[in-house]
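The structure appears below as structure tokens.
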Amino acid sequence: MAQVTTTRGEQIKKGTMTVDDLAKQVEGLKRQIENIKPGADEKVSIIVFSGDLDKILAAFIIATGAVAMGMEAVMFFTFWGTPVLRDPKKKAGGKDLMGKMFGFMLPKGRNAIKLSKMNMAGMGTTMMKSLMKKKNVASLDEMLEMAADLGVKIYICEMSCNLMGFKKEEFIEYPDLCYVGVATFLEQAKNSKVQLFI
Amino acid sequence: MAQVTTTRGEQIKKGTMTVDDLAKQVEGLKRQIENIKPGADEKVSIIVFSGDLDKILAAFIIATGAVAMGMEAVMFFTFWGTPVLRDPKKKAGGKDLMGKMFGFMLPKGRNAIKLSKMNMAGMGTTMMKSLMKKKNVASLDEMLEMAADLGVKIYICEMSCNLMGFKKEEFIEYPDLCYVGVATFLEQAKNSKVQLFI
Amino acid sequence: MAQVTTTRGEQIKKGTMTVDDLAKQVEGLKRQIENIKPGADEKVSIIVFSGDLDKILAAFIIATGAVAMGMEAVMFFTFWGTPVLRDPKKKAGGKDLMGKMFGFMLPKGRNAIKLSKMNMAGMGTTMMKSLMKKKNVASLDEMLEMAADLGVKIYICEMSCNLMGFKKEEFIEYPDLCYVGVATFLEQAKNSKVQLFI
């Protein structure tokens with residue numbers, strides 16, 4: 001074929017490109033497209049490992065901010081993050097000694113957690129909360145409500161509940177609250193544009 | 001059409017593929033390409049939440065390392081990370097009582113921060129700094145200069161400044177230092193290949 | 001050309017599309033495909049900065065969980081994470097005073113690390129370990145073995161070893177244990193779907 005020595009651009013210009021030439025190119029494109037690694041979803045996945053007030057606030061600010069921007073947000077509460085979701089008004093029976101000890105020692109819900117720094121026997125935490133009110137920064141209560149309204153998904157780590165003896169009946173009411181393992185979280189995280197360990 | 005019963009490969013081989021067959025395939029490819037979720041930019045986005053010397057060092061090592069590799073890097077200083085960017089030689093007036101208290105209690109700039117562990121009343125931090133010098137690891141001062149030279153972008157969280165009463169005039173000089181909200185950070189993070197919460 | 005005023009769909013229907021029309025479209029698709037930013041690999045990259053038992057456990061649970069799901073996993077041990085990989089039975093000579101001090105003060109391997117919270121002079125840590133056994137959660141020893149079997153890659157930060165005076169001969173035996181810099185880690189992280197700083 002004479003076209004072999006001319007470039008594709010020249011072929012198009014000269015009109016010497018044949019249907020079969022094109023068909024081969026289209027086949028090539030198909031293979032290329034199949035091999036493109038796709039990007040992730042408009043989603044933020046956060047592992048909430050810490051139970052400190054400041055980090056929990058940061059996690060909720062990021063999650064609600066993401067949804068306000070049109071992204072999805074998933075929060076996976078694990079380890080020290082788990083007791084933050086306890087409802088202080090609820091009780092769970094049938095715990096063994098270890099479960100009772102953890103239940104007693106870990107904070108009973110989001111209003112019992114403290115700053116990671118400058119807690120100063122609770123004074124720093126109280127100060128921060130009154131400051132947030134004064135500066136019109138949403139409280140954790142308000143943020144949780146906002147998260148529920150906006151559709152932020154909350155997952156609780158099953159293994160942490162198992163370890164610390166937490167029962168499902170002692171957690172807060174939250175739309176579609178799920179108890180999941182690490183695989184479920186990773187499935188979300190790997191399809192998210194943003195993943196954070198807080 | 002007789003071609004329906006033959007495969008596309010056979011059609012190409014036999015030269016029985018028509019322009020319209022091809023046109024349909026090209027349309028299909030177009031739709032496929034439009035539906036491909038694109039990947040992210042060669043960028044690292046770091047939330048610098050912690051104000052500990054060791055974590056701040058890690059954040060700068062990662063950010064400058066990324067730029068040295070040809071990537072972009074954005075650091076978003078929030079919460080305890082914010083005071084690290086204060087300039088100890090600068091003062092800001094017009095603060096309320098809470099702002100003055102935070103200003104007094106939080107470290108005045110990068111040379112006042114401490115290790116998260118083994119601080120041992122400052123001894124560990126001093127030890128680490130002298131060690132870094134001895135082992136030719138860049139100091140925080142040098143790293144900040146390097147970051148500025150390399151074009152690492154630094155954002156300061158507006159909400160943290162608002163909460164802790166920090167004024168723009170008390171921060172360090174840094175090229176294109178920006179005061180932004182969480183949305184601006186997320187916009188960067190979701191287009192970055194790497195995002196970290198430090 | 002008369003076709004200019006008709007849509008491509010109509011051209012296909014009417015059979016008036018020419019080879020050259022198509023060739024131009026194929027060229028356009030090629031450029032589009034070349035400009036698509038590719039997504040990342042099915043990989044999790046974790047910076048293990050912390051040396052706390054709870055965070056180290058979380059890191060291994062995520063890494064082994066990822067590999068169990070068919071992903072790859074890379075753990076980059078740096079700073080306080082580095083001593084966790086020391087083998088308490090091994091000794092390294094030729095250390096300077098600082099290296100000896102760090103070697104003495106930092107935990108000697110994974111069985112000497114403590115919880116980040118509720119350590120309570122070691123009681124909390126002991127409690128957690130016995131609890132993990134009782135609840136059939138793999139111990140750190142078992143997780144490390146699992147990680148090796150599953151092919152989780154472990155990198156040790158060269159700069160941390162340099163700073164803290166750790167020698168290669170005092171680390172554990174692990175398949176393909178590597179000593180790398182931040183660039184090697186970033187190279188992995190930017191091609192990973194999930195990156196975490198723990």
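Ordering of the structure tokens sets the chain letters (A, B, ...); residue numbers start at 1 within each chain; ligands are numbered from 1 in the order shown.
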Dump as a PyMOL selection string the residues of chain B that approach chain C to within 9 Å, counting only C-alpha atoms.
chain B and resi 19-24+26-27+29-30+33+36-44+54-55+58+61-62+65-66+68-69+117-118+127-128+131-132+134-135+137+192-198
Would you write out those residues with N, CA and C atoms, as a short mmCIF file (atom, residue, chain, number, x, y, z; two decimals), in the first residue's frame?
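As a result, again-v3.cif now contains:
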```
data_model
loop_
_atom_site.label_atom_id
_atom_site.label_comp_id
_atom_site.auth_asym_id
_atom_site.auth_seq_id
_atom_site.Cartn_x
_atom_site.Cartn_y
_atom_site.Cartn_z
N VAL B 19 -18.48 2.02 6.21
CA VAL B 19 -18.27 3.29 6.91
C VAL B 19 -19.29 3.43 8.04
N ASP B 20 -20.53 3.02 7.80
CA ASP B 20 -21.56 3.17 8.82
C ASP B 20 -21.32 2.26 10.02
N ASP B 21 -20.84 1.04 9.75
CA ASP B 21 -20.47 0.15 10.86
C ASP B 21 -19.46 0.86 11.76
N LEU B 22 -18.45 1.41 11.10
CA LEU B 22 -17.38 2.08 11.83
C LEU B 22 -17.90 3.29 12.58
N ALA B 23 -18.74 4.07 11.90
CA ALA B 23 -19.28 5.29 12.52
C ALA B 23 -19.99 4.95 13.82
N LYS B 24 -20.73 3.86 13.81
CA LYS B 24 -21.43 3.45 15.03
C LYS B 24 -20.45 3.09 16.14
N VAL B 26 -17.42 4.25 16.44
CA VAL B 26 -16.79 5.48 16.91
C VAL B 26 -17.71 6.20 17.88
N GLU B 27 -19.00 6.24 17.58
CA GLU B 27 -19.98 6.85 18.50
C GLU B 27 -19.94 6.15 19.87
N LEU B 29 -17.43 4.52 21.17
CA LEU B 29 -16.19 4.87 21.87
C LEU B 29 -16.32 6.24 22.53
N LYS B 30 -16.95 7.18 21.82
CA LYS B 30 -17.12 8.52 22.36
C LYS B 30 -17.87 8.48 23.68
N ILE B 33 -15.68 7.06 26.38
CA ILE B 33 -14.67 8.01 26.83
C ILE B 33 -15.29 9.06 27.75
N ILE B 36 -15.68 7.75 31.32
CA ILE B 36 -14.50 7.37 32.12
C ILE B 36 -14.29 8.39 33.22
N LYS B 37 -14.24 7.91 34.48
CA LYS B 37 -13.95 8.82 35.59
C LYS B 37 -12.46 9.16 35.55
N PRO B 38 -12.11 10.43 35.40
CA PRO B 38 -10.69 10.76 35.28
C PRO B 38 -9.95 10.59 36.61
N GLY B 39 -8.66 10.31 36.54
CA GLY B 39 -7.81 10.22 37.73
C GLY B 39 -7.45 11.60 38.23
N ALA B 40 -6.57 11.64 39.21
CA ALA B 40 -6.24 12.91 39.87
C ALA B 40 -4.94 13.50 39.34
N ASP B 41 -4.64 14.71 39.80
CA ASP B 41 -3.41 15.40 39.39
C ASP B 41 -2.21 14.90 40.18
N GLU B 42 -1.03 15.18 39.66
CA GLU B 42 0.23 14.83 40.34
C GLU B 42 0.42 15.82 41.49
N LYS B 43 -0.36 15.64 42.52
CA LYS B 43 -0.38 16.60 43.61
C LYS B 43 -0.54 15.88 44.95
N VAL B 44 0.08 16.45 45.99
CA VAL B 44 -0.08 15.95 47.35
C VAL B 44 -0.77 17.03 48.17
N ASP B 54 7.52 16.74 65.48
CA ASP B 54 7.79 15.55 64.66
C ASP B 54 6.82 15.45 63.47
N LYS B 55 5.56 15.76 63.71
CA LYS B 55 4.57 15.64 62.64
C LYS B 55 4.72 16.79 61.63
N ALA B 58 7.51 15.82 59.44
CA ALA B 58 7.06 14.80 58.48
C ALA B 58 6.28 15.46 57.34
N ILE B 61 8.69 17.25 55.07
CA ILE B 61 9.52 16.30 54.31
C ILE B 61 8.72 15.72 53.15
N ILE B 62 7.46 15.38 53.41
CA ILE B 62 6.61 14.82 52.35
C ILE B 62 6.32 15.88 51.28
N GLY B 65 9.50 16.77 49.40
CA GLY B 65 9.87 15.57 48.64
C GLY B 65 9.00 15.42 47.40
N ALA B 66 7.71 15.70 47.55
CA ALA B 66 6.79 15.58 46.42
C ALA B 66 7.16 16.57 45.33
N ALA B 68 10.02 17.95 44.80
CA ALA B 68 11.29 17.54 44.22
C ALA B 68 11.11 16.44 43.18
N MET B 69 10.02 15.67 43.33
CA MET B 69 9.71 14.59 42.38
C MET B 69 8.92 15.08 41.18
N LYS B 117 6.10 12.97 71.41
CA LYS B 117 6.52 11.96 72.38
C LYS B 117 7.93 12.27 72.84
N MET B 118 8.30 11.76 73.99
CA MET B 118 9.68 11.90 74.48
C MET B 118 10.11 13.37 74.54
N MET B 127 17.27 17.59 72.09
CA MET B 127 18.10 16.48 71.62
C MET B 127 17.84 16.20 70.14
N MET B 128 16.57 16.13 69.80
CA MET B 128 16.19 15.84 68.41
C MET B 128 16.72 16.91 67.46
N LEU B 131 20.39 16.59 67.06
CA LEU B 131 20.63 15.37 66.29
C LEU B 131 20.41 15.62 64.80
N MET B 132 19.34 16.34 64.49
CA MET B 132 19.02 16.63 63.08
C MET B 132 20.16 17.42 62.45
N LYS B 134 23.32 17.44 63.42
CA LYS B 134 24.48 16.55 63.31
C LYS B 134 24.35 15.59 62.12
N LYS B 135 23.14 15.10 61.90
CA LYS B 135 22.92 14.11 60.85
C LYS B 135 22.54 14.76 59.51
N VAL B 137 20.04 16.57 58.66
CA VAL B 137 18.63 16.64 58.31
C VAL B 137 18.23 18.11 58.40
N SER B 192 -6.10 15.57 43.95
CA SER B 192 -4.73 15.16 44.26
C SER B 192 -4.61 13.65 44.30
N LYS B 193 -3.45 13.17 43.86
CA LYS B 193 -3.22 11.73 43.93
C LYS B 193 -3.03 11.26 45.36
N VAL B 194 -2.47 12.13 46.19
CA VAL B 194 -2.19 11.76 47.58
C VAL B 194 -2.81 12.79 48.51
N GLN B 195 -3.55 12.32 49.50
CA GLN B 195 -4.06 13.23 50.54
C GLN B 195 -3.76 12.63 51.90
N LEU B 196 -3.28 13.44 52.81
CA LEU B 196 -2.91 12.95 54.13
C LEU B 196 -3.43 13.88 55.22
N PHE B 197 -3.82 13.31 56.32
CA PHE B 197 -4.22 14.08 57.51
C PHE B 197 -3.14 13.82 58.55
N ILE B 198 -2.38 14.85 58.85
CA ILE B 198 -1.23 14.66 59.74
C ILE B 198 -1.45 15.39 61.06
#
```
Backbone DSSP call of strand (DSSP E or B) for segment 13-182 of chain B, listed as a list of chain:residue names:
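Strand (DSSP E or B) members of segment 13-182 of chain B, listed: B:Asp41, B:Glu42, B:Lys43, B:Val44, B:Ser45, B:Ile46, B:Ile47, B:Val48, B:Glu72, B:Ala73, B:Val74, B:Met75, B:Phe76, B:Phe77, B:Arg86, B:Lys153, B:Ile154, B:Tyr155, B:Ile156, B:Cys157, B:Phe171, B:Cys178, B:Tyr179, B:Val180.
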Selected residues written out, C-alpha atoms, as a PDB file, in the first residue's frame:
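Saved as again-v9.pdb:
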```pdb
ATOM      1  CA  ASP B  41      -3.413  15.396  39.393  1.00  0.00           C
ATOM      2  CA  GLU B  42       0.227  14.830  40.335  1.00  0.00           C
ATOM      3  CA  LYS B  43      -0.376  16.605  43.613  1.00  0.00           C
ATOM      4  CA  VAL B  44      -0.083  15.949  47.350  1.00  0.00           C
ATOM      5  CA  SER B  45      -2.582  17.644  49.674  1.00  0.00           C
ATOM      6  CA  ILE B  46      -1.785  17.573  53.375  1.00  0.00           C
ATOM      7  CA  ILE B  47      -4.006  18.659  56.250  1.00  0.00           C
ATOM      8  CA  VAL B  48      -1.574  19.783  58.951  1.00  0.00           C
ATOM      9  CA  GLU B  72       2.657  19.811  43.333  1.00  0.00           C
ATOM     10  CA  ALA B  73       2.154  20.098  47.086  1.00  0.00           C
ATOM     11  CA  VAL B  74      -0.452  21.947  49.149  1.00  0.00           C
ATOM     12  CA  MET B  75      -0.347  22.183  52.944  1.00  0.00           C
ATOM     13  CA  PHE B  76      -3.516  23.219  54.753  1.00  0.00           C
ATOM     14  CA  PHE B  77      -2.666  24.309  58.305  1.00  0.00           C
ATOM     15  CA  ARG B  86       2.995  32.473  63.630  1.00  0.00           C
ATOM     16  CA  LYS B 153       1.558  26.118  48.617  1.00  0.00           C
ATOM     17  CA  ILE B 154       0.553  26.954  52.176  1.00  0.00           C
ATOM     18  CA  TYR B 155      -3.069  27.562  53.148  1.00  0.00           C
ATOM     19  CA  ILE B 156      -4.181  28.657  56.607  1.00  0.00           C
ATOM     20  CA  CYS B 157      -7.601  27.569  57.857  1.00  0.00           C
ATOM     21  CA  PHE B 171       1.745  35.043  60.537  1.00  0.00           C
ATOM     22  CA  CYS B 178      -3.763  32.044  51.614  1.00  0.00           C
ATOM     23  CA  TYR B 179      -6.553  32.027  54.191  1.00  0.00           C
ATOM     24  CA  VAL B 180      -9.148  29.530  53.076  1.00  0.00           C
TER      25      VAL B 180
END
```
Select from chain B everything DSSP, run on the backbone, classes as helix (DSSP H, G or I), then give the selection as a ChimeraX atom specification.
/B:2-5,8-14,19-35,53-68,79-85,97-105,110-112,123-134,140-150,158-164,168-170,182-189
Length of the atom CA of Ala63 of chain B to atom CA of Ala59 of chain A vector [Å]:
22.1 Å
So, with only C-alpha atoms as the atoms that count, which of C:Asn111, C:Met71, C:Lys90, C:Pro83 lies closest to Thr126 of chain C?
C:Asn111
Hey, can you check how far atom CA of Lys167 of chain B sits from atom CA of Ile113 of chain B?
19.4 Å
Surrounding residues of Ala112 of chain A excluding itself and chain neighbours under 2 positions, 12 Å, only C-alpha atoms, as a ChimeraX atom specification
/A:51-53,83-88,105-110,114-115,122,125-126,129,140-141
